[in-house]
Amino acid sequence: MSSATKSLYEAKTHLSELVDRAARGEEIVIAKNGVPMAKLVPLAKTLTRRKPGGWNGKVWIADDFDAPLPEETIELFEETPIEPAARHPRRPVVARRR
């Protein structure tokens, strides 16, 4: 892997080109006022193919999962307010002089 140092101005001006170079494996150091500040590097390829059935034996769904809820449960939902209870307003903080 080769490495190049570019000024911040150059990096802003040629960002697209520098990203392409980094994607091909080059590391680009970006300097501000001659001091290295950041490094543009290629991303590691982490593409993994998904395999169906990864949750087999780990998850269980009841046979009555989508059955209608009992009337008592529905009543509990209807009795409970949707919005939270109102809070007491905070008192303003008053600075005291010593």
# chains A, B, ... in the order shown; residues from 1 in each chain; ligands from 1
$ select_by_dssp --residues "chain A" --states "helix (DSSP H, G or I)" --output "list in words"
Leu8, Tyr9, Glu10, Ala11, Lys12, Thr13, Leu15, Ser16, Glu17, Leu18, Val19, Asp20, Arg21, Ala22, Ala23, Glu71, Glu72, Thr73, Ile74, Glu75, Leu76, Phe77, Glu78 and Glu79 of chain A
$ select_by_dssp --residues "chain A" --states "strand (DSSP E or B)" --output "list in words"
Ser3, Ala4, Thr5, Lys6, Ser7, Glu27, Ile28, Val29, Ile30, Ala31, Lys32, Val35, Pro36, Met37, Ala38, Lys39 and Leu40 of chain A
$ write_last_selection --atoms "all heavy atoms" --output "compact mmCIF listing (two decimals), in the first residue's frame"
# COMPACT_ATOMS: atom_id res chain seq x y z
N SER A 3 1.42 5.49 0.14
CA SER A 3 0.83 6.55 0.94
C SER A 3 1.22 7.89 0.33
O SER A 3 2.33 8.07 -0.15
CB SER A 3 1.34 6.46 2.38
OG SER A 3 0.81 7.52 3.14
N ALA A 4 0.28 8.84 0.34
CA ALA A 4 0.54 10.18 -0.18
C ALA A 4 0.02 11.18 0.84
O ALA A 4 -0.94 10.92 1.55
CB ALA A 4 -0.18 10.38 -1.51
N THR A 5 0.68 12.33 0.91
CA THR A 5 0.23 13.40 1.81
C THR A 5 -0.28 14.55 0.96
O THR A 5 0.39 14.99 0.03
CB THR A 5 1.39 13.88 2.71
OG1 THR A 5 1.86 12.78 3.47
CG2 THR A 5 0.92 14.97 3.66
N LYS A 6 -1.46 15.02 1.29
CA LYS A 6 -2.09 16.13 0.57
C LYS A 6 -2.48 17.20 1.57
O LYS A 6 -2.85 16.91 2.71
CB LYS A 6 -3.35 15.65 -0.17
CG LYS A 6 -3.09 14.57 -1.19
CD LYS A 6 -2.31 15.11 -2.35
CE LYS A 6 -2.01 14.01 -3.36
NZ LYS A 6 -1.15 14.43 -4.43
N SER A 7 -2.43 18.46 1.12
CA SER A 7 -2.88 19.55 1.98
C SER A 7 -4.41 19.52 2.05
O SER A 7 -5.07 18.91 1.21
CB SER A 7 -2.42 20.89 1.43
OG SER A 7 -3.15 21.21 0.25
N GLU A 27 -3.39 4.82 0.71
CA GLU A 27 -3.68 5.61 1.92
C GLU A 27 -3.26 7.04 1.66
O GLU A 27 -2.13 7.29 1.24
CB GLU A 27 -2.94 5.05 3.13
CG GLU A 27 -3.46 3.72 3.58
CD GLU A 27 -2.77 3.24 4.86
OE1 GLU A 27 -1.84 3.91 5.34
OE2 GLU A 27 -3.17 2.19 5.35
N ILE A 28 -4.15 7.99 1.92
CA ILE A 28 -3.85 9.40 1.70
C ILE A 28 -3.93 10.12 3.04
O ILE A 28 -4.94 10.07 3.73
CB ILE A 28 -4.84 10.04 0.69
CG1 ILE A 28 -4.61 9.43 -0.70
CG2 ILE A 28 -4.64 11.53 0.59
CD1 ILE A 28 -5.71 8.64 -1.21
N VAL A 29 -2.85 10.78 3.41
CA VAL A 29 -2.79 11.55 4.65
C VAL A 29 -3.16 12.99 4.30
O VAL A 29 -2.66 13.56 3.34
CB VAL A 29 -1.38 11.50 5.28
CG1 VAL A 29 -1.29 12.41 6.50
CG2 VAL A 29 -1.02 10.07 5.63
N ILE A 30 -4.06 13.57 5.08
CA ILE A 30 -4.48 14.95 4.86
C ILE A 30 -3.88 15.81 5.97
O ILE A 30 -4.05 15.53 7.15
CB ILE A 30 -6.02 15.06 4.85
CG1 ILE A 30 -6.58 14.18 3.72
CG2 ILE A 30 -6.46 16.51 4.68
CD1 ILE A 30 -8.08 14.04 3.72
N ALA A 31 -3.15 16.85 5.53
CA ALA A 31 -2.44 17.72 6.47
C ALA A 31 -3.06 19.11 6.48
O ALA A 31 -3.52 19.60 5.45
CB ALA A 31 -0.97 17.80 6.09
N LYS A 32 -3.05 19.71 7.65
CA LYS A 32 -3.51 21.09 7.80
C LYS A 32 -2.34 21.90 8.31
O LYS A 32 -1.78 21.59 9.36
CB LYS A 32 -4.69 21.14 8.79
CG LYS A 32 -5.32 22.50 8.94
CD LYS A 32 -6.54 22.41 9.84
CE LYS A 32 -7.23 23.74 9.98
NZ LYS A 32 -8.40 23.65 10.86
N VAL A 35 0.68 19.87 9.17
CA VAL A 35 0.58 18.89 10.26
C VAL A 35 -0.44 17.81 9.85
O VAL A 35 -1.60 18.13 9.58
CB VAL A 35 0.12 19.56 11.58
CG1 VAL A 35 -0.02 18.53 12.69
CG2 VAL A 35 1.08 20.67 11.97
N PRO A 36 -0.03 16.54 9.80
CA PRO A 36 -0.98 15.48 9.45
C PRO A 36 -2.15 15.45 10.43
O PRO A 36 -1.97 15.45 11.64
CB PRO A 36 -0.15 14.20 9.56
CG PRO A 36 1.26 14.64 9.43
CD PRO A 36 1.32 16.02 10.02
N MET A 37 -3.38 15.46 9.88
CA MET A 37 -4.57 15.52 10.72
C MET A 37 -5.50 14.32 10.52
O MET A 37 -6.22 13.96 11.43
CB MET A 37 -5.37 16.80 10.41
CG MET A 37 -4.60 18.09 10.64
SD MET A 37 -4.17 18.36 12.33
CE MET A 37 -5.68 18.99 12.96
N ALA A 38 -5.51 13.74 9.32
CA ALA A 38 -6.45 12.66 9.04
C ALA A 38 -5.86 11.74 7.98
O ALA A 38 -4.92 12.10 7.28
CB ALA A 38 -7.78 13.23 8.55
N LYS A 39 -6.45 10.55 7.89
CA LYS A 39 -5.99 9.58 6.90
C LYS A 39 -7.21 9.05 6.15
O LYS A 39 -8.19 8.64 6.76
CB LYS A 39 -5.25 8.43 7.58
CG LYS A 39 -4.59 7.49 6.59
CD LYS A 39 -4.01 6.26 7.27
CE LYS A 39 -2.86 6.60 8.18
NZ LYS A 39 -2.20 5.39 8.70
N LEU A 40 -7.14 9.06 4.83
CA LEU A 40 -8.18 8.51 3.98
C LEU A 40 -7.71 7.12 3.57
O LEU A 40 -6.67 6.98 2.93
CB LEU A 40 -8.37 9.42 2.76
CG LEU A 40 -9.53 9.17 1.83
CD1 LEU A 40 -10.85 9.24 2.57
CD2 LEU A 40 -9.51 10.17 0.70
$ residues_around --residues "range 42-48 of chain A" --least-positions-apart "6" --cutoff "10 Å" --atoms "only C-alpha atoms" --output "NGL selection string"
:A and (19-28)
$ write_last_selection --atoms "C-alpha atoms" --output "PDB file, in the first residue's frame"
ATOM      1  CA  VAL A  19     -11.627   8.751  -2.680  1.00  0.00           C
ATOM      2  CA  ASP A  20     -11.163   6.728  -5.875  1.00  0.00           C
ATOM      3  CA  ARG A  21      -7.458   6.298  -5.116  1.00  0.00           C
ATOM      4  CA  ALA A  22      -8.234   5.224  -1.543  1.00  0.00           C
ATOM      5  CA  ALA A  23     -10.803   2.728  -2.832  1.00  0.00           C
ATOM      6  CA  ARG A  24      -8.035   1.172  -4.947  1.00  0.00           C
ATOM      7  CA  GLY A  25      -5.943   0.654  -1.794  1.00  0.00           C
ATOM      8  CA  GLU A  26      -3.892   3.824  -1.430  1.00  0.00           C
ATOM      9  CA  GLU A  27      -3.682   5.608   1.917  1.00  0.00           C
ATOM     10  CA  ILE A  28      -3.853   9.401   1.702  1.00  0.00           C
TER      11      ILE A  28
END
